[in-house]
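Listing of start08.txt, compact mmCIF, C-alpha atoms
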# COMPACT_ATOMS: atom_id res chain seq x y z
CA MET T 1 83.39 -10.29 1.11
CA GLY T 2 87.01 -10.06 0.03
CA PRO T 3 89.13 -7.05 -0.87
CA VAL T 4 87.69 -4.55 -3.38
CA PRO T 5 88.41 -5.55 -7.00
CA ARG T 6 90.98 -3.31 -8.71
CA THR T 7 89.68 -1.41 -11.73
CA LEU T 8 91.49 -1.99 -15.01
CA GLU T 9 90.57 0.21 -17.97
CA LEU T 10 91.38 -1.26 -21.36
CA PHE T 11 91.52 1.33 -24.14
CA TYR T 12 91.36 -0.42 -27.53
CA ASP T 13 90.50 -0.11 -31.20
CA VAL T 14 89.47 -3.05 -33.40
CA LEU T 15 91.87 -1.75 -36.06
CA SER T 16 94.70 -2.79 -33.72
CA PRO T 17 95.64 -6.49 -33.70
CA TYR T 18 97.63 -6.05 -30.51
CA SER T 19 94.49 -4.62 -28.92
CA TRP T 20 92.75 -7.90 -29.70
CA LEU T 21 95.51 -9.90 -28.06
CA GLY T 22 95.46 -7.76 -24.92
CA PHE T 23 91.66 -7.87 -24.85
CA GLU T 24 91.47 -11.68 -24.98
CA VAL T 25 94.10 -12.13 -22.27
CA LEU T 26 92.34 -9.70 -19.95
CA CYS T 27 88.93 -11.25 -20.67
CA ARG T 28 90.39 -14.60 -19.61
CA TYR T 29 91.84 -13.17 -16.42
CA LYS T 30 88.83 -11.09 -15.41
CA ASN T 31 87.31 -14.17 -13.78
CA ILE T 32 90.57 -15.25 -12.20
CA TRP T 33 92.15 -12.09 -10.83
CA ASN T 34 90.44 -9.76 -8.39
CA ILE T 35 89.80 -7.10 -11.03
CA ASN T 36 86.98 -5.12 -12.54
CA LEU T 37 87.64 -4.88 -16.29
CA GLN T 38 86.25 -1.74 -17.92
CA LEU T 39 86.33 -1.79 -21.72
CA ARG T 40 86.98 1.61 -23.30
CA PRO T 41 86.44 1.74 -27.08
CA SER T 42 88.86 4.37 -28.46
CA LEU T 43 90.10 5.64 -31.78
CA ILE T 44 93.70 4.77 -32.51
CA ALA T 45 93.81 7.32 -35.33
CA GLY T 46 92.93 10.01 -32.78
CA ILE T 47 95.66 8.86 -30.43
CA MET T 48 98.24 8.88 -33.21
CA LYS T 49 97.24 12.38 -34.19
CA ASP T 50 97.25 13.73 -30.65
CA SER T 51 100.57 12.19 -29.70
CA GLY T 52 102.43 12.93 -32.93
CA ASN T 53 103.11 9.22 -33.36
CA GLN T 54 102.73 7.19 -36.56
CA PRO T 55 101.30 3.72 -37.14
CA PRO T 56 104.31 1.36 -36.93
CA ALA T 57 103.27 -0.26 -40.20
CA LEU T 58 104.40 2.86 -42.03
CA LEU T 59 108.04 1.87 -41.47
CA PRO T 60 108.81 -0.95 -43.94
CA ARG T 61 110.87 -3.05 -41.56
CA LYS T 62 108.28 -2.70 -38.83
CA ALA T 63 105.50 -3.67 -41.25
CA GLN T 64 107.41 -6.79 -42.17
CA TYR T 65 108.07 -7.58 -38.52
CA LEU T 66 104.46 -6.99 -37.47
CA LYS T 67 103.15 -9.61 -39.88
CA ASN T 68 105.21 -12.35 -38.27
CA ASP T 69 104.82 -11.03 -34.75
CA VAL T 70 101.04 -10.94 -35.01
CA ARG T 71 100.96 -14.43 -36.52
CA LEU T 72 103.20 -15.98 -33.85
CA LEU T 73 101.46 -14.20 -30.99
CA GLY T 74 98.11 -15.29 -32.42
CA GLN T 75 99.28 -18.89 -32.15
CA HIS T 76 100.74 -18.46 -28.66
CA VAL T 77 97.78 -16.51 -27.27
CA GLN T 78 95.34 -18.77 -29.17
CA VAL T 79 93.55 -16.00 -31.05
CA PRO T 80 92.72 -16.81 -34.72
CA MET T 81 94.72 -13.92 -36.13
CA GLN T 82 95.21 -13.54 -39.89
CA PHE T 83 96.81 -10.47 -41.37
CA PRO T 84 94.37 -9.21 -43.99
CA LYS T 85 96.04 -9.30 -47.45
CA ASP T 86 94.94 -5.81 -48.23
CA PHE T 87 95.66 -4.37 -44.82
CA PHE T 88 97.50 -1.35 -46.04
CA SER T 89 95.35 -0.40 -48.99
CA VAL T 90 91.98 -1.13 -47.40
CA ILE T 91 92.13 -1.10 -43.65
CA LEU T 92 94.49 1.76 -43.03
CA GLU T 93 92.60 3.92 -45.48
CA LYS T 94 89.11 3.00 -44.35
CA GLY T 95 89.99 3.10 -40.70
CA SER T 96 87.71 2.17 -37.86
CA LEU T 97 85.61 5.25 -37.15
CA SER T 98 82.24 3.62 -37.80
CA ALA T 99 83.14 0.49 -35.89
CA MET T 100 84.40 2.38 -32.86
CA ARG T 101 81.39 4.70 -32.82
CA PHE T 102 79.23 1.62 -33.01
CA LEU T 103 81.07 0.09 -30.04
CA THR T 104 80.77 3.38 -28.20
CA ALA T 105 77.00 3.28 -28.72
CA VAL T 106 76.97 -0.33 -27.50
CA SER T 107 78.95 0.69 -24.42
CA MET T 108 76.39 3.40 -23.68
CA GLU T 109 73.21 1.42 -24.39
CA HIS T 110 74.06 -2.29 -24.03
CA PRO T 111 77.33 -2.50 -22.04
CA GLY T 112 76.75 -6.18 -21.31
CA MET T 113 77.17 -6.82 -25.06
CA LEU T 114 80.33 -4.82 -25.49
CA GLU T 115 82.76 -7.71 -25.07
CA LYS T 116 81.00 -9.95 -27.58
CA VAL T 117 80.40 -7.27 -30.18
CA SER T 118 84.01 -6.08 -29.94
CA ARG T 119 85.17 -9.65 -30.49
CA GLU T 120 82.93 -10.07 -33.52
CA LEU T 121 84.35 -6.91 -35.08
CA TRP T 122 87.92 -8.14 -34.54
CA MET T 123 86.95 -11.47 -36.05
CA ARG T 124 85.67 -9.67 -39.12
CA VAL T 125 88.83 -7.63 -39.68
CA TRP T 126 91.52 -9.91 -38.31
CA SER T 127 90.28 -13.41 -39.00
CA ARG T 128 90.00 -15.17 -42.33
CA ALA T 129 86.21 -15.33 -42.00
CA ALA T 130 85.65 -11.89 -43.45
CA GLU T 131 88.68 -11.25 -45.63
CA LYS T 132 86.66 -9.39 -48.21
CA ALA T 133 84.40 -7.67 -45.74
CA GLY T 134 87.06 -5.65 -43.98
CA MET T 135 84.93 -3.33 -41.91
CA PRO T 136 81.31 -4.56 -41.66
CA SER T 137 80.21 -1.87 -44.08
CA GLU T 138 76.58 -2.88 -44.66
CA GLN T 139 75.79 -3.26 -41.04
CA ALA T 140 77.81 -0.25 -40.00
CA ARG T 141 76.22 1.97 -42.63
CA GLY T 142 72.79 1.10 -41.38
CA LEU T 143 73.72 1.71 -37.79
CA LEU T 144 75.73 4.77 -38.63
CA GLU T 145 72.49 6.64 -39.25
CA LYS T 146 71.54 5.89 -35.69
CA ILE T 147 74.90 6.39 -34.10
CA SER T 148 76.11 9.57 -35.76
CA THR T 149 74.56 11.53 -32.99
CA PRO T 150 76.66 14.14 -31.19
CA LYS T 151 76.22 12.08 -28.02
CA VAL T 152 78.02 9.03 -29.44
CA LYS T 153 80.61 11.03 -31.37
CA ASN T 154 81.51 12.98 -28.26
CA LYS T 155 81.69 9.94 -26.06
CA LEU T 156 84.23 8.32 -28.41
CA LYS T 157 86.18 11.58 -28.45
CA GLU T 158 86.17 11.76 -24.66
CA THR T 159 87.32 8.18 -24.25
CA THR T 160 90.12 8.73 -26.75
CA GLU T 161 91.13 11.92 -24.95
CA ALA T 162 91.12 10.06 -21.64
CA ALA T 163 93.62 7.58 -23.11
CA CYS T 164 95.73 10.51 -24.31
CA LYS T 165 95.64 12.08 -20.84
CA TYR T 166 97.01 8.83 -19.45
CA GLY T 167 99.91 9.29 -21.89
CA ALA T 168 98.87 6.96 -24.71
CA PHE T 169 100.75 7.11 -28.01
CA GLY T 170 99.14 3.93 -29.35
CA LEU T 171 96.86 1.09 -28.32
CA PRO T 172 96.15 -1.09 -26.45
CA VAL T 173 96.58 0.80 -23.21
CA THR T 174 95.74 -0.84 -19.89
CA VAL T 175 95.32 1.51 -16.94
CA ALA T 176 95.51 -0.24 -13.58
CA HIS T 177 94.06 1.59 -10.60
CA LEU T 178 95.81 0.30 -7.51
CA ASP T 179 95.28 1.45 -3.92
CA ASN T 180 97.93 4.11 -4.01
CA GLN T 181 98.93 4.48 -7.64
CA THR T 182 97.76 4.35 -11.21
CA HIS T 183 99.83 2.59 -13.87
CA MET T 184 99.46 3.00 -17.62
CA LEU T 185 100.81 0.01 -19.55
CA PHE T 186 101.15 0.02 -23.33
CA GLY T 187 100.90 -3.07 -25.48
CA SER T 188 99.57 -6.60 -25.22
CA ASP T 189 102.97 -7.67 -23.88
CA ARG T 190 102.76 -6.07 -20.44
CA MET T 191 100.29 -8.57 -18.92
CA GLU T 192 102.89 -10.46 -16.93
CA LEU T 193 104.15 -7.14 -15.53
CA LEU T 194 100.51 -6.23 -14.78
CA ALA T 195 100.14 -9.45 -12.78
CA HIS T 196 103.24 -8.48 -10.81
CA LEU T 197 101.81 -5.02 -10.07
CA LEU T 198 98.47 -6.53 -9.01
CA GLY T 199 100.16 -9.15 -6.85
CA GLU T 200 98.40 -11.80 -8.90
CA LYS T 201 99.68 -15.00 -10.50
CA TRP T 202 100.65 -15.03 -14.18
CA MET T 203 99.71 -18.33 -15.78
CA GLY T 204 100.57 -17.44 -19.37
CA PRO T 205 98.23 -16.00 -22.01
CA VAL T 206 95.88 -19.02 -21.86
CA PRO T 207 95.23 -19.64 -18.16
CA PRO T 208 93.30 -22.77 -17.14
CA ALA T 209 89.61 -21.85 -16.98
CA THR T 210 89.07 -23.84 -13.81
CA ASN T 211 90.92 -21.15 -11.87
CA ALA T 212 87.86 -18.92 -12.12
CA ARG T 213 86.93 -16.99 -9.04
CA LEU T 214 83.48 -17.86 -7.71
CA MET N 1 123.96 -36.94 -25.19
CA GLY N 2 120.65 -35.14 -25.63
CA PRO N 3 119.30 -33.15 -28.56
CA VAL N 4 121.52 -30.45 -30.09
CA PRO N 5 121.18 -27.09 -28.30
CA ARG N 6 119.38 -24.46 -30.36
CA THR N 7 121.42 -21.37 -31.19
CA LEU N 8 120.06 -18.03 -30.03
CA GLU N 9 121.81 -14.88 -31.23
CA LEU N 10 121.25 -11.84 -29.05
CA PHE N 11 122.02 -8.55 -30.82
CA TYR N 12 122.36 -5.77 -28.24
CA ASP N 13 123.81 -2.37 -27.45
CA VAL N 14 124.62 -1.20 -23.91
CA LEU N 15 122.95 2.10 -24.74
CA SER N 16 119.62 0.25 -24.82
CA PRO N 17 117.97 -0.47 -21.45
CA TYR N 18 115.63 -3.01 -23.00
CA SER N 19 118.72 -4.81 -24.33
CA TRP N 20 119.91 -5.15 -20.73
CA LEU N 21 116.60 -6.66 -19.65
CA GLY N 22 116.61 -9.16 -22.51
CA PHE N 23 120.27 -9.98 -21.87
CA GLU N 24 119.75 -10.77 -18.18
CA VAL N 25 116.71 -12.95 -18.83
CA LEU N 26 118.52 -14.95 -21.51
CA CYS N 27 121.65 -15.29 -19.36
CA ARG N 28 119.45 -16.79 -16.63
CA TYR N 29 117.83 -19.23 -19.04
CA LYS N 30 120.99 -20.28 -20.86
CA ASN N 31 121.64 -22.84 -18.14
CA ILE N 32 118.03 -23.96 -17.99
CA TRP N 33 116.90 -24.23 -21.59
CA ASN N 34 118.63 -26.36 -24.21
CA ILE N 35 120.14 -23.35 -25.96
CA ASN N 36 123.48 -21.99 -27.05
CA LEU N 37 123.43 -18.24 -26.40
CA GLN N 38 125.63 -16.20 -28.76
CA LEU N 39 126.09 -12.58 -27.73
CA ARG N 40 126.33 -10.15 -30.67
CA PRO N 41 127.48 -6.63 -29.71
CA SER N 42 125.84 -4.22 -32.20
CA LEU N 43 125.35 -0.52 -32.72
CA ILE N 44 121.79 0.67 -32.20
CA ALA N 45 122.58 3.97 -33.92
CA GLY N 46 123.55 2.02 -37.04
CA ILE N 47 120.34 0.02 -36.96
CA MET N 48 118.24 3.16 -36.61
CA LYS N 49 120.00 4.73 -39.57
CA ASP N 50 119.73 1.67 -41.79
CA SER N 51 116.06 1.04 -41.04
CA GLY N 52 114.87 4.63 -41.17
CA ASN N 53 113.57 4.31 -37.62
CA GLN N 54 114.04 6.82 -34.80
CA PRO N 55 114.87 6.33 -31.13
CA PRO N 56 111.48 6.14 -29.38
CA ALA N 57 112.63 8.73 -26.85
CA LEU N 58 112.37 11.41 -29.53
CA LEU N 59 108.57 11.29 -29.24
CA PRO N 60 107.68 13.13 -26.00
CA ARG N 61 104.94 10.76 -24.91
CA LYS N 62 107.11 7.75 -25.58
CA ALA N 63 109.99 9.31 -23.62
CA GLN N 64 107.66 9.80 -20.66
CA TYR N 65 106.35 6.27 -20.97
CA LEU N 66 109.83 4.74 -21.27
CA LYS N 67 110.94 6.17 -17.95
CA ASN N 68 108.18 4.38 -16.08
CA ASP N 69 108.31 1.26 -18.19
CA VAL N 70 112.04 0.80 -17.68
CA ARG N 71 111.67 1.43 -13.94
CA LEU N 72 108.82 -1.06 -13.47
CA LEU N 73 110.42 -3.70 -15.67
CA GLY N 74 113.69 -3.24 -13.78
CA GLN N 75 111.84 -4.10 -10.57
CA HIS N 76 109.99 -7.04 -12.10
CA VAL N 77 113.03 -8.48 -13.88
CA GLN N 78 115.26 -7.66 -10.88
CA VAL N 79 117.80 -5.58 -12.76
CA PRO N 80 119.01 -2.43 -10.90
CA MET N 81 117.87 -0.02 -13.59
CA GLN N 82 118.12 3.75 -13.01
CA PHE N 83 117.34 6.28 -15.69
CA PRO N 84 120.34 8.62 -16.21
CA LYS N 85 119.58 12.20 -15.17
CA ASP N 86 120.50 13.65 -18.56
CA PHE N 87 119.06 10.86 -20.58
CA PHE N 88 118.89 12.71 -23.88
CA SER N 89 122.53 13.63 -23.70
CA VAL N 90 123.53 10.06 -22.88
CA ILE N 91 121.52 8.49 -25.67
CA LEU N 92 121.57 11.08 -28.39
CA GLU N 93 124.85 12.94 -27.92
CA LYS N 94 127.30 10.64 -26.19
CA GLY N 95 126.26 7.32 -27.69
CA SER N 96 128.04 3.99 -27.38
CA LEU N 97 130.49 3.67 -30.27
CA SER N 98 133.68 3.12 -28.24
CA ALA N 99 131.93 0.84 -25.77
CA MET N 100 130.48 -1.37 -28.49
CA ARG N 101 133.80 -1.47 -30.34
CA PHE N 102 135.42 -2.52 -27.10
CA LEU N 103 132.86 -5.30 -26.61
CA THR N 104 133.45 -6.34 -30.20
CA ALA N 105 137.16 -6.66 -29.45
CA VAL N 106 136.33 -8.67 -26.32
CA SER N 107 134.09 -10.96 -28.37
CA MET N 108 136.95 -11.55 -30.83
CA GLU N 109 139.77 -12.12 -28.33
CA HIS N 110 138.26 -13.09 -24.96
CA PRO N 111 134.71 -14.26 -25.66
CA GLY N 112 134.46 -15.87 -22.23
CA MET N 113 134.57 -12.35 -20.72
CA LEU N 114 131.93 -10.87 -22.98
CA GLU N 115 128.96 -11.43 -20.68
CA LYS N 116 130.64 -9.91 -17.62
CA VAL N 117 132.13 -6.90 -19.39
CA SER N 118 128.80 -6.17 -21.12
CA ARG N 119 127.08 -6.26 -17.75
CA GLU N 120 129.59 -3.87 -16.18
CA LEU N 121 129.08 -1.37 -18.99
CA TRP N 122 125.29 -1.50 -18.46
CA MET N 123 125.81 -1.09 -14.73
CA ARG N 124 127.76 2.11 -15.43
CA VAL N 125 125.34 3.80 -17.81
CA TRP N 126 122.01 2.29 -16.79
CA SER N 127 122.44 1.82 -13.05
CA ARG N 128 124.98 4.31 -11.73
CA ASP N 129 124.61 7.06 -14.34
CA GLU N 130 128.33 6.89 -15.16
CA ASP N 131 130.11 7.64 -18.40
CA ILE N 132 130.90 4.88 -20.89
CA THR N 133 132.49 6.98 -23.62
CA GLU N 134 135.93 7.80 -22.13
CA PRO N 135 138.80 5.27 -22.23
CA GLN N 136 139.08 5.31 -18.41
CA SER N 137 135.36 4.51 -18.14
CA ILE N 138 135.66 1.49 -20.39
CA LEU N 139 138.77 0.25 -18.62
CA ALA N 140 137.04 0.60 -15.27
CA ALA N 141 134.17 -1.57 -16.51
CA ALA N 142 136.53 -4.22 -17.87
CA GLU N 143 138.50 -4.32 -14.61
CA LYS N 144 135.32 -4.56 -12.54
CA ALA N 145 134.39 -7.55 -14.70
CA GLY N 146 137.63 -9.21 -13.66
CA MET N 147 139.74 -8.50 -16.72
CA PRO N 148 143.43 -7.84 -15.95
CA SER N 149 144.20 -4.18 -16.73
CA GLU N 150 147.00 -5.07 -19.18
CA GLN N 151 144.56 -7.13 -21.18
CA ALA N 152 141.91 -4.41 -21.03
CA ARG N 153 144.36 -1.74 -22.16
CA GLY N 154 145.51 -3.97 -25.00
CA LEU N 155 141.95 -4.38 -26.22
CA LEU N 156 141.27 -0.67 -25.89
CA GLU N 157 144.14 0.06 -28.26
CA LYS N 158 142.56 -2.19 -30.86
CA ILE N 159 139.16 -0.53 -30.95
CA SER N 160 140.18 1.83 -33.72
CA THR N 161 141.65 -0.87 -35.95
CA PRO N 162 139.83 -1.71 -39.22
CA LYS N 163 139.43 -5.29 -38.01
CA VAL N 164 137.36 -4.33 -34.97
CA LYS N 165 135.50 -1.49 -36.69
CA ASN N 166 134.49 -3.83 -39.51
CA LYS N 167 133.42 -6.60 -37.20
CA LEU N 168 131.04 -4.25 -35.37
CA LYS N 169 129.75 -3.05 -38.73
CA GLU N 170 129.20 -6.63 -39.92
CA THR N 171 127.36 -7.64 -36.77
CA THR N 172 125.14 -4.58 -37.02
CA GLU N 173 124.47 -5.36 -40.68
CA ALA N 174 123.62 -8.95 -39.78
CA ALA N 175 120.97 -7.66 -37.37
CA CYS N 176 119.64 -5.43 -40.15
CA LYS N 177 119.50 -8.39 -42.57
CA TYR N 178 117.37 -10.23 -40.01
CA GLY N 179 115.00 -7.23 -40.21
CA ALA N 180 116.02 -5.29 -37.11
CA PHE N 181 114.71 -1.74 -36.67
CA GLY N 182 115.87 -1.52 -33.05
CA LEU N 183 117.42 -3.57 -30.27
CA PRO N 184 117.41 -6.02 -28.58
CA VAL N 185 116.87 -8.58 -31.29
CA THR N 186 116.87 -12.30 -30.48
CA VAL N 187 117.29 -14.64 -33.43
CA ALA N 188 116.27 -18.21 -32.67
CA HIS N 189 117.59 -20.90 -34.99
CA LEU N 190 115.21 -23.82 -34.82
CA ASP N 191 115.40 -27.07 -36.81
CA ASN N 192 113.35 -25.87 -39.70
CA GLN N 193 112.99 -22.14 -39.24
CA THR N 194 114.60 -18.97 -38.00
CA HIS N 195 112.67 -16.46 -35.93
CA MET N 196 113.65 -12.84 -35.28
CA LEU N 197 112.05 -11.45 -32.11
CA PHE N 198 112.29 -7.78 -31.19
CA GLY N 199 112.27 -6.49 -27.64
CA SER N 200 112.86 -7.82 -24.15
CA ASP N 201 109.16 -8.71 -23.97
CA ARG N 202 109.14 -11.66 -26.37
CA MET N 203 110.84 -14.14 -24.03
CA GLU N 204 107.69 -16.00 -23.12
CA LEU N 205 106.89 -16.32 -26.83
CA LEU N 206 110.48 -17.52 -27.37
CA ALA N 207 109.94 -20.24 -24.76
CA HIS N 208 106.82 -21.31 -26.66
CA LEU N 209 108.75 -21.49 -29.94
CA LEU N 210 111.56 -23.48 -28.30
CA GLY N 211 109.11 -25.83 -26.61
CA GLU N 212 110.63 -24.82 -23.27
CA LYS N 213 109.00 -23.79 -19.99
CA TRP N 214 108.61 -20.11 -19.13
CA MET N 215 109.13 -19.52 -15.42
CA GLY N 216 109.02 -15.74 -15.47
CA PRO N 217 111.94 -13.33 -15.81
CA VAL N 218 113.64 -14.62 -12.63
CA PRO N 219 113.59 -18.42 -12.90
CA PRO N 220 114.73 -20.46 -9.91
CA ALA N 221 118.46 -21.11 -10.31
CA THR N 222 118.12 -24.68 -9.09
CA ASN N 223 116.56 -25.60 -12.44
CA ALA N 224 120.00 -25.51 -14.04
CA ARG N 225 120.69 -28.21 -16.59
CA LEU N 226 123.59 -30.45 -15.68
Could you show the structure in this file as structure tokens?
Amino acid sequence: MGPVPRTLELFYDVLSPYSWLGFEVLCRYKNIWNINLQLRPSLIAGIMKDSGNQPPALLPRKAQYLKNDVRLLGQHVQVPMQFPKDFFSVILEKGSLSAMRFLTAVSMEHPGMLEKVSRELWMRVWSRAAEKAGMPSEQARGLLEKISTPKVKNKLKETTEAACKYGAFGLPVTVAHLDNQTHMLFGSDRMELLAHLLGEKWMGPVPPATNARL
Amino acid sequence: MGPVPRTLELFYDVLSPYSWLGFEVLCRYKNIWNINLQLRPSLIAGIMKDSGNQPPALLPRKAQYLKNDVRLLGQHVQVPMQFPKDFFSVILEKGSLSAMRFLTAVSMEHPGMLEKVSRELWMRVWSRDEDITEPQSILAAAEKAGMPSEQARGLLEKISTPKVKNKLKETTEAACKYGAFGLPVTVAHLDNQTHMLFGSDRMELLAHLLGEKWMGPVPPATNARL
């Protein structure tokens, strides 16, 4: 057996388009690099509050920039990103509490499903398919009965606090546990640097699938 | 002759470490990609003011993050980055007005020296923790870049003229018109569209937009175009 896989923790929120980009890149590389990818559903609103930061979209020029940035990166990273028309009025107000509690429950009860369910939630918010749906309200409301237990609420809180302890002021945050040090990297645009720190090869955001480790 | 080189404008301020990273990467690629790199000395303080943004270092967790980020990126991009000991004083109190006016004057009178002089100013503030606000500091950087001291002194005298002050203002306003809320900003002029990219971490995306090959932040020099 080869060297022990390095643990990478990915803290993310489906409200964050950059989280989706980082998520997809790491999901592609998890079968190529010698890593153990741990998905950590977190609440970006909680991180903003704890760090004193603000969503970038609140600054007009950043909001304008984000729209283009997310679109271009979506093309480059091959993720079907579409900025929801009513992002500010609907998404920022509604937030992602139900969705992230739902994912927390999934992580606790069906961790093998966490990747797929996370992706489906991103698709609903950030892809044209569910423009009017925004957050999956019907489904979430039904599940919310089941997942509003202290156990799930606390677990989401703990995960979000863990991200804050690593120094997060936004998401996505990737924490790489190397032999002798731990690195916290912010943003979907630190993956090439991550490769450098891991001593792995960076093959762009869409690596050839045939490079999968056996 | 091949296709017309695409113009890239790089708006930067030597006060910004990420500007230095973006600058070095683009300087490496300017002889590899089919581009025409135009350096645009700008004032980050002016951009912050105009956009309503704040220097990220004012948020404690961002300041902590920046220190590590800049250090790691410096290693990866192979730029000898060292955080100044009194970073807040350097960024928030001392600033870069004279230095950027000086670079503006260089861009107007000796554009061929702009890359080297810019680099020497970054080396002072972001590698050796040296001052860039005093006249002697700026002269030292210009001389280290290979500029004759007469020439450097002549340019230094011009930094307070309306011509130079206005040019820096115009360049900074141009960045703002492109939508800048910080630096570095790279503006890529393609056949049918213009793209504004913020940060030193959009270079791989830039390659994709240009239809060029990304070979990491330290491409092999032997790939130079003839």
Proximity of chain T to chain N: per-residue shortest pair, 8 Å limit, only C-alpha atoms, as a Markdown table:
| residue | atom | partner | partner_atom | distance |
| --- | --- | --- | --- | --- |
| T:Ser51 | CA | N:Arg61 | CA | 6.6 |
| T:Gly52 | CA | N:Leu59 | CA | 7.3 |
| T:Asn53 | CA | N:Leu59 | CA | 7.1 |
| T:Leu59 | CA | N:Asn53 | CA | 7.2 |
| T:Arg61 | CA | N:Gly179 | CA | 6.0 |
| T:Lys62 | CA | N:Phe181 | CA | 6.9 |
| T:Gln64 | CA | N:Gly179 | CA | 7.9 |
| T:Tyr65 | CA | N:Gly179 | CA | 7.1 |
| T:Asp69 | CA | N:Leu197 | CA | 7.7 |
| T:Leu72 | CA | N:Leu205 | CA | 7.9 |
| T:Leu73 | CA | N:Leu205 | CA | 7.2 |
| T:His76 | CA | N:Leu205 | CA | 6.8 |
| T:Gly167 | CA | N:Arg61 | CA | 6.0 |
| T:Ala168 | CA | N:Arg61 | CA | 7.2 |
| T:Phe169 | CA | N:Arg61 | CA | 6.4 |
| T:Leu185 | CA | N:Asp69 | CA | 7.7 |
| T:Asp189 | CA | N:Asp201 | CA | 6.3 |
| T:Arg190 | CA | N:Asp201 | CA | 7.8 |
| T:Leu193 | CA | N:His76 | CA | 6.8 |
| T:His196 | CA | N:His76 | CA | 7.0 |
Val106 of chain N environment, 10 Å, all atoms listed in the file, sequence neighbours closer than 2 positions dropped, as a PyMOL selection string: chain N and resi 41+100-104+108-115+117-118+142+151-152+155-156+159+164
Residues near Val175 of chain T, cut-off 8 Å, all atoms listed in the file, skip fewer than 3 positions along chain, as a PyMOL selection string: chain T and resi 8-10+166+182-185
Distance in Å - atom CA of Leu8 of chain N versus atom CA of Arg40 of chain N: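 Taking atom CA of Leu8 of chain N as the start and atom CA of Arg40 of chain N as the end point, the length is 10.1 Å.
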Computed interatomic separation between atom CA of Tyr12 of chain T and atom CA of Leu66 of chain N (Å):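 Here the two named atoms are 20.2 Å from each other.
Between Arg119 of chain T and the residues T:Ala105, T:Ala57, T:Ala99, T:Ile44, the shortest atom-to-atom distance, using only C-alpha atoms, involves T:Ala99.
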